[in-house]
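S.K.: This one is data-v5.tsv, TSV, C-alpha atoms and all ligand atoms.
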```
chain	number	residue	atom	x	y	z
A	1	MET	CA	160.89	155.35	-13.72
A	2	LEU	CA	163.06	158.07	-15.26
A	3	ARG	CA	166.70	157.04	-15.78
A	4	TYR	CA	169.51	159.58	-16.15
A	5	VAL	CA	172.03	157.88	-18.38
A	6	THR	CA	175.54	158.77	-17.27
A	7	THR	CA	178.66	157.27	-15.78
A	8	ASN	CA	179.15	160.52	-13.78
A	9	ASP	CA	177.62	160.35	-10.24
A	10	GLY	CA	178.02	164.12	-9.88
A	11	LYS	CA	175.56	164.71	-12.71
A	12	VAL	CA	172.95	162.51	-11.02
A	13	ARG	CA	173.30	164.49	-7.79
A	14	GLU	CA	172.75	167.68	-9.80
A	15	ALA	CA	169.69	166.17	-11.49
A	16	ARG	CA	168.12	165.16	-8.15
A	17	GLU	CA	167.98	168.84	-7.19
A	18	TYR	CA	165.39	169.20	-9.94
A	19	LEU	CA	163.79	165.78	-10.33
A	20	ASP	CA	162.38	163.57	-7.57
A	21	GLY	CA	162.94	159.89	-8.09
A	22	VAL	CA	165.36	160.07	-11.01
A	23	SER	CA	167.81	157.17	-10.90
A	24	GLN	CA	171.13	156.59	-12.59
A	25	LEU	CA	171.54	154.24	-15.52
A	26	ASP	CA	175.25	153.54	-15.75
A	27	TYR	CA	175.24	152.75	-19.45
A	28	ASP	CA	177.99	153.74	-21.85
A	29	TYR	CA	176.11	154.69	-25.03
A	30	THR	CA	177.95	155.44	-28.26
A	31	GLU	CA	179.07	159.08	-28.38
A	32	VAL	CA	179.03	159.89	-32.08
A	33	GLN	CA	181.11	162.80	-33.38
A	34	ALA	CA	179.00	165.65	-34.70
A	35	THR	CA	179.32	169.42	-34.94
A	36	GLU	CA	176.31	170.06	-32.69
A	37	LEU	CA	175.37	168.79	-29.25
A	38	GLY	CA	171.70	168.05	-30.02
A	39	PRO	CA	172.19	165.14	-32.45
A	40	ILE	CA	174.83	163.59	-30.18
A	41	ALA	CA	172.51	163.64	-27.15
A	42	ALA	CA	169.51	162.52	-29.25
A	43	ARG	CA	171.38	159.59	-30.68
A	44	GLY	CA	172.51	158.57	-27.17
A	45	ALA	CA	168.94	158.83	-25.85
A	46	ARG	CA	167.59	156.54	-28.60
A	47	GLU	CA	170.28	153.98	-27.97
A	48	ALA	CA	169.78	154.12	-24.19
A	49	TYR	CA	165.99	153.85	-24.52
A	50	ARG	CA	166.32	150.77	-26.73
A	51	HIS	CA	168.69	149.30	-24.15
A	52	ALA	CA	166.66	150.15	-21.03
A	53	GLY	CA	163.04	150.14	-22.24
A	54	GLU	CA	162.30	152.95	-19.77
A	55	PRO	CA	162.15	156.75	-20.13
A	56	VAL	CA	165.71	158.06	-20.37
A	57	LEU	CA	167.50	161.38	-20.14
A	58	VAL	CA	170.90	161.81	-21.80
A	59	ASP	CA	172.92	165.00	-21.82
A	60	ASP	CA	175.76	166.28	-23.89
A	61	ALA	CA	177.76	169.35	-22.96
A	62	GLY	CA	180.66	171.37	-24.26
A	63	LEU	CA	182.79	174.47	-23.81
A	64	PHE	CA	182.51	176.93	-26.71
A	65	VAL	CA	185.35	179.49	-26.88
A	66	GLU	CA	184.27	182.51	-28.95
A	67	GLY	CA	187.75	183.40	-30.25
A	68	PHE	CA	188.18	179.80	-31.45
A	69	ASP	CA	184.86	179.80	-33.36
A	70	GLY	CA	183.30	177.65	-30.68
A	71	PHE	CA	186.08	175.08	-30.37
A	72	PRO	CA	186.31	172.67	-28.56
A	73	GLY	CA	182.44	172.57	-28.41
A	74	PRO	CA	181.24	169.01	-29.08
A	75	TYR	CA	184.86	167.84	-28.98
A	76	SER	CA	185.34	169.03	-25.38
A	77	SER	CA	185.71	165.55	-23.85
A	78	TYR	CA	188.29	164.52	-26.40
A	79	VAL	CA	190.23	167.76	-25.96
A	80	GLU	CA	190.10	167.44	-22.17
A	81	GLU	CA	191.43	163.88	-22.40
A	82	THR	CA	194.16	164.65	-24.92
A	83	LEU	CA	195.36	168.17	-24.00
A	84	GLY	CA	194.00	168.69	-20.51
A	85	VAL	CA	192.10	171.67	-19.15
A	86	GLU	CA	195.16	173.71	-18.14
A	87	THR	CA	196.64	173.47	-21.63
A	88	VAL	CA	193.35	174.64	-23.11
A	89	GLY	CA	193.50	177.61	-20.73
A	90	ARG	CA	197.09	178.40	-21.80
A	91	LEU	CA	196.24	178.12	-25.51
A	92	VAL	CA	193.32	180.49	-25.11
A	93	ALA	CA	195.49	182.95	-23.15
A	94	ALA	CA	198.23	182.79	-25.82
A	95	GLU	CA	195.95	183.19	-28.82
A	96	ILE	CA	192.99	185.30	-27.73
A	97	ASP	CA	192.85	188.78	-26.21
A	98	GLU	CA	190.82	189.60	-23.11
A	99	PRO	CA	187.96	189.17	-22.28
A	100	ARG	CA	188.29	185.63	-23.74
A	101	ARG	CA	184.57	185.04	-23.87
A	102	ALA	CA	183.21	181.51	-23.81
A	103	SER	CA	180.04	179.65	-23.00
A	104	PHE	CA	179.13	176.26	-21.69
A	105	ARG	CA	176.20	174.61	-23.39
A	106	CYS	CA	174.23	171.55	-22.46
A	107	VAL	CA	171.52	169.68	-24.33
A	108	MET	CA	169.29	167.24	-22.44
A	109	ALA	CA	167.66	164.64	-24.67
A	110	TYR	CA	164.56	162.78	-23.45
A	111	CYS	CA	163.14	159.66	-25.05
A	112	ASP	CA	160.32	157.40	-23.85
A	113	GLY	CA	159.53	155.72	-27.15
A	114	ALA	CA	156.44	157.83	-27.87
A	115	ALA	CA	155.83	160.93	-29.98
A	116	PHE	CA	155.57	164.53	-28.73
A	117	ALA	CA	152.95	167.20	-29.33
A	118	ALA	CA	154.23	170.36	-31.01
A	119	SER	CA	155.76	172.80	-28.53
A	120	PRO	CA	158.53	175.42	-28.45
A	121	ASP	CA	161.15	172.87	-27.34
A	122	PRO	CA	163.12	171.31	-30.20
A	123	VAL	CA	162.43	167.71	-31.11
A	124	ASP	CA	164.98	165.58	-32.94
A	125	ARG	CA	163.13	163.08	-35.10
A	126	ALA	CA	166.01	161.38	-36.82
A	127	ASP	CA	169.63	160.49	-36.45
A	128	ARG	CA	170.53	162.15	-39.74
A	129	SER	CA	173.31	164.54	-38.57
A	130	ALA	CA	174.81	162.08	-36.14
A	131	ALA	CA	174.79	159.36	-38.75
A	132	ALA	CA	176.37	161.66	-41.32
A	133	ALA	CA	179.09	162.52	-38.84
A	134	ALA	CA	179.58	158.86	-38.01
A	135	GLY	CA	180.30	158.14	-41.68
A	136	ALA	CA	179.34	154.65	-42.76
A	137	GLU	CA	176.69	154.17	-40.11
A	138	ARG	CA	173.23	154.83	-41.51
A	139	SER	CA	170.62	157.16	-40.05
A	140	SER	CA	167.14	155.90	-39.29
A	141	GLU	CA	165.60	157.88	-42.15
A	142	ASP	CA	168.33	156.94	-44.60
A	143	ALA	CA	168.16	153.30	-43.56
A	144	ALA	CA	164.41	153.37	-44.14
A	145	SER	CA	164.80	154.71	-47.68
A	146	ASP	CA	166.06	152.38	-50.36
A	147	ASP	CA	168.80	154.38	-52.02
A	148	GLY	CA	171.10	151.43	-52.60
A	149	ALA	CA	173.86	152.53	-50.21
A	150	GLU	CA	175.59	149.90	-48.10
A	151	ARG	CA	173.87	149.00	-44.80
A	152	THR	CA	175.26	147.96	-41.45
A	153	ASP	CA	173.95	144.95	-39.49
A	154	ASP	CA	173.82	147.04	-36.35
A	155	ALA	CA	170.66	146.06	-34.43
A	156	GLU	CA	170.04	149.64	-33.40
A	157	THR	CA	170.06	150.83	-37.00
A	158	THR	CA	167.64	148.07	-37.98
A	159	GLU	CA	165.24	148.96	-35.19
A	160	ALA	CA	165.56	152.65	-35.96
A	161	ALA	CA	164.67	151.96	-39.58
A	162	ALA	CA	161.42	150.34	-38.48
A	163	ASP	CA	160.60	152.94	-35.87
A	164	PRO	CA	162.48	156.27	-35.74
A	165	LEU	CA	162.15	157.45	-32.16
A	166	PRO	CA	161.38	161.12	-31.52
A	167	VAL	CA	163.57	162.77	-28.89
A	168	LYS	CA	162.74	165.97	-27.03
A	169	LEU	CA	165.64	168.39	-26.48
A	170	PHE	CA	166.13	170.93	-23.66
A	171	GLU	CA	169.01	173.39	-23.85
A	172	GLY	CA	170.89	175.41	-21.26
A	173	THR	CA	173.74	177.92	-21.64
A	174	VAL	CA	175.96	179.83	-19.24
A	175	ARG	CA	178.20	182.63	-20.48
A	176	GLY	CA	181.58	183.48	-19.04
A	177	ARG	CA	185.24	183.82	-19.86
A	178	ILE	CA	188.38	181.73	-19.79
A	179	VAL	CA	190.79	182.55	-16.94
A	180	GLU	CA	193.80	181.02	-15.20
A	181	PRO	CA	192.70	177.98	-13.14
A	182	ARG	CA	191.13	178.82	-9.76
A	183	GLY	CA	189.19	176.72	-7.25
A	184	ASP	CA	189.05	173.04	-6.50
A	185	GLY	CA	185.35	172.18	-6.74
A	186	GLY	CA	183.41	170.84	-9.71
A	187	PHE	CA	184.99	168.90	-12.54
A	188	GLY	CA	186.23	169.23	-16.11
A	189	TYR	CA	186.72	172.81	-17.30
A	190	ASP	CA	185.25	174.37	-14.13
A	191	PRO	CA	188.57	175.85	-12.86
A	192	ILE	CA	189.17	177.88	-16.05
A	193	PHE	CA	185.58	179.06	-16.63
A	194	GLU	CA	184.63	182.26	-14.82
A	195	HIS	CA	181.07	183.49	-14.47
A	196	ASP	CA	180.26	186.70	-12.56
A	197	GLY	CA	183.75	186.96	-11.04
A	198	ARG	CA	184.10	183.38	-9.82
A	199	THR	CA	185.14	180.20	-11.59
A	200	LEU	CA	182.65	177.34	-11.51
A	201	ALA	CA	185.23	175.48	-9.41
A	202	GLU	CA	185.00	178.24	-6.77
A	203	MET	CA	181.24	177.75	-6.38
A	204	SER	CA	179.39	175.30	-4.15
A	205	PRO	CA	177.44	172.61	-6.04
A	206	ALA	CA	174.19	174.47	-5.33
A	207	GLU	CA	175.61	177.78	-6.58
A	208	LYS	CA	176.92	176.15	-9.74
A	209	ASN	CA	173.62	174.36	-10.33
A	210	ALA	CA	171.70	177.63	-10.08
A	211	ILE	CA	173.58	179.21	-12.99
A	212	SER	CA	175.05	176.30	-14.93
A	213	HIS	CA	174.24	175.14	-18.45
A	214	ARG	CA	173.16	171.73	-17.08
A	215	GLY	CA	171.11	173.30	-14.26
A	216	ARG	CA	169.27	175.49	-16.77
A	217	ALA	CA	168.54	172.59	-19.11
A	218	LEU	CA	167.39	170.45	-16.16
A	219	GLU	CA	165.13	173.23	-14.94
A	220	LYS	CA	163.38	173.38	-18.33
A	221	PHE	CA	163.04	169.63	-18.42
A	222	ALA	CA	161.71	169.49	-14.83
A	223	GLU	CA	159.01	172.04	-15.71
A	224	TRP	CA	157.83	169.96	-18.67
A	225	TYR	CA	158.23	166.41	-17.37
A	226	PRO	CA	155.44	166.18	-14.72
A	227	GLU	CA	152.76	166.52	-17.41
A	228	ARG	CA	154.41	163.87	-19.51
A	229	SER	CA	154.68	161.37	-16.68
A	230	GLU	CA	151.07	161.79	-15.48
B	301	LIG	P1	179.90	165.50	-21.34
B	301	LIG	O1	178.99	165.87	-22.43
B	301	LIG	O2	179.25	165.55	-20.00
B	301	LIG	O3	180.66	164.25	-21.60
B	301	LIG	O4	180.99	166.64	-21.25
B	301	LIG	C1	181.79	167.03	-22.33
B	301	LIG	C2	183.02	167.73	-21.82
B	301	LIG	O5	182.67	168.94	-21.17
B	301	LIG	C3	183.85	166.92	-20.82
B	301	LIG	O6	185.21	167.23	-21.07
B	301	LIG	C4	183.42	167.46	-19.49
B	301	LIG	O7	184.45	167.39	-18.52
B	301	LIG	C5	183.11	168.91	-19.82
B	301	LIG	N1	182.01	169.38	-19.01
B	301	LIG	C6	180.71	169.04	-19.09
B	301	LIG	N2	179.99	169.67	-18.16
B	301	LIG	C7	180.88	170.41	-17.47
B	301	LIG	C8	180.73	171.27	-16.35
B	301	LIG	O8	179.65	171.47	-15.78
B	301	LIG	N3	181.86	171.86	-15.93
B	301	LIG	C9	183.07	171.67	-16.51
B	301	LIG	N4	183.26	170.87	-17.53
B	301	LIG	C10	182.17	170.24	-18.01
```
Starting from the coordinates I provided, produce the structure as structure tokens.
M.R.:
Amino acid sequence: MLRYVTTNDGKVREAREYLDGVSQLDYDYTEVQATELGPIAARGAREAYRHAGEPVLVDDAGLFVEGFDGFPGPYSSYVEETLGVETVGRLVAAEIDEPRRASFRCVMAYCDGAAFAASPDPVDRADRSAAAAAGAERSSEDAASDDGAERTDDAETTEAAADPLPVKLFEGTVRGRIVEPRGDGGFGYDPIFEHDGRTLAEMSPAEKNAISHRGRALEKFAEWYPERSE
């Protein structure tokens, strides 16, 4: 059975619009810090697969503000927790001229323990970037090579060294702009992100799903997955 690994029930509801029979795995995997979403989601998918032993889907998302060179991007959760969404909106308004372009991006990472045939979708075969960003923790490839650097006793690292797990990545993006908060639907940055004249918080869940970064990534995954699960 396919497990969507998240502590957010709303994401599972969104995923069910695209995938029959997906169920939630409420597992808090390690969110490493990295400058790109793909390695963060891939690392989470490997960890969740080793934990669950079933096919897993992990996503990582972020808000990329053009005038801030993509910040907060992969740091969006941390920035939401520390500054809050309204402060982000005020900072953008104070520092950046209209139209204050931004995008939301989402990467879905799928892992079922097996390899993938070549295809246009990106495949992350190692934890190299995530491990580099995590500092002392070793990547699967690095841990497998004997370069004399210090190793951790982390069980996941040891398993990864023996068997680096390929992870398939599916990406989705929605473009928009940062505005004053409007609407009370959705979650996170939805009230300050406007797409086609409405903030994501002013859309119904179905409307948001149809255009959202996560909806687009899920759609790509849902097209590919039936063949895999046959
Ligand atoms: P995560 O990858 O789902 O943990 O999300 C990273 C950050 O982006 C968190 O601060 C979320 O609140 C925010 N975020 C993710 N998806 C959305 C969305 O669809 N709308 C608004 N904020 C989002």
S.K.: Return the single residue from A:Asp112, A:Glu66, A:Glu36, A:Glu171 that is closest to Arg3 in chain A, with distances computed using all atoms listed in the file.
M.R.: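 Nearest to Arg3 in chain A: A:Asp112.
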S.K.: Rank A:Glu81, A:Asp184, A:Glu219, A:Glu230 by their smallest atom-to-atom distance to ligand LIG 301 (chain B), using all atoms listed in the file, and report the top residue only.
M.R.: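 The shortest atom-to-atom distance to ligand LIG 301 (chain B) comes from A:Glu81.
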S.K.: Could you list, as an MDAnalysis selection string, all residues that come within 6 Å of ligand LIG 301 (chain B)? Count all atoms listed in the file.
M.R.: chainID A and resid 60:62 76:77 80 187:190
S.K.: Find the spatial neighbours of Ala42 in chain A, counting only C-alpha atoms, within a cut-off of 9 Å - ignore same-chain residues fewer than 6 positions away - and output them as a PyMOL selection string.
M.R.: chain A and resi 58-59+107-111+123-127+130+166-169
S.K.: Please determine, counting all atoms listed in the file, which residue among A:Gly113, A:Arg101, A:Trp224, A:Asp28 has the shortest atom-to-atom distance to Pro55 in chain A.
M.R.: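 Smallest separation from Pro55 in chain A among the options: A:Gly113.
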S.K.: What's the 9 Å shell around range 92-99 of chain A, counting all atoms listed in the file, without same-chain residues fewer than 6 positions away, as a PyMOL selection string?
M.R.: chain A and resi 65+67-68+177-180
S.K.: Could you write out as JSON the box around range 169-181 of chain A (axis-aligned, all atoms listed in the file, 3 Å on each side), with centre and edge lengths in Å to one decimal?
M.R.:
```
{"center_x": 179.7, "center_y": 176.1, "center_z": -19.8, "size_x": 34.2, "size_y": 21.4, "size_z": 19.3}
```
S.K.: Closest to Thr35 in chain A among A:Gly84, A:Gly53, A:Gly73, A:Gly21, using only C-alpha atoms?
M.R.: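 That would be A:Gly73, the residue with the smallest distance to Thr35 in chain A.
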S.K.: Pick out the closest residue to Phe221 in chain A from this set: A:Asp20, A:Phe170, A:Phe104, A:Gly10. Count all atoms listed in the file.
M.R.: A:Phe170
S.K.: Within 12 Å of (172.4, 151.0, -8.0) (file coordinates; only C-alpha atoms), which protein or nucleic acid residues are there? I'd like them as a ChimeraX atom specification.
M.R.: /A:3,7,9,12,22-27
S.K.: Would you save the residues from that selection as an mmCIF file, keeping the file's coordinate frame, using C-alpha atoms?
M.R.:
```cif
data_model
loop_
_atom_site.group_PDB
_atom_site.id
_atom_site.type_symbol
_atom_site.label_atom_id
_atom_site.label_comp_id
_atom_site.auth_asym_id
_atom_site.auth_seq_id
_atom_site.Cartn_x
_atom_site.Cartn_y
_atom_site.Cartn_z
ATOM 1 C CA ARG A 3 166.700 157.040 -15.780
ATOM 2 C CA THR A 7 178.660 157.270 -15.780
ATOM 3 C CA ASP A 9 177.620 160.350 -10.240
ATOM 4 C CA VAL A 12 172.950 162.510 -11.020
ATOM 5 C CA VAL A 22 165.360 160.070 -11.010
ATOM 6 C CA SER A 23 167.810 157.170 -10.900
ATOM 7 C CA GLN A 24 171.130 156.590 -12.590
ATOM 8 C CA LEU A 25 171.540 154.240 -15.520
ATOM 9 C CA ASP A 26 175.250 153.540 -15.750
ATOM 10 C CA TYR A 27 175.240 152.750 -19.450
#
```
S.K.: Take CA of Ser119 in chain A and CA of Ala217 in chain A and report the distance between them in Å, one decimal.
M.R.: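 Value for the CA of Ser119 in chain A-CA of Ala217 in chain A distance: 15.9 Å.
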S.K.: Record the distance separating CA of Glu223 in chain A and CA of Leu165 in chain A, expressed in Å with one decimal.
M.R.: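 Atom-to-atom, CA of Glu223 in chain A to CA of Leu165 in chain A, that is 22.2 Å.
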S.K.: For CA of Ile192 in chain A and CA of Ser103 in chain A, quote the distance in Å rounded to one decimal.
M.R.: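 Atom-to-atom, CA of Ile192 in chain A and CA of Ser103 in chain A are spaced 11.6 Å apart.
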S.K.: Within 7 Å of Ala201 in chain A, counting all atoms listed in the file, which residues show up once you throw out same-chain ones fewer than 4 positions away? Write them as a PyMOL selection string, please.
M.R.: chain A and resi 182-186+190-191
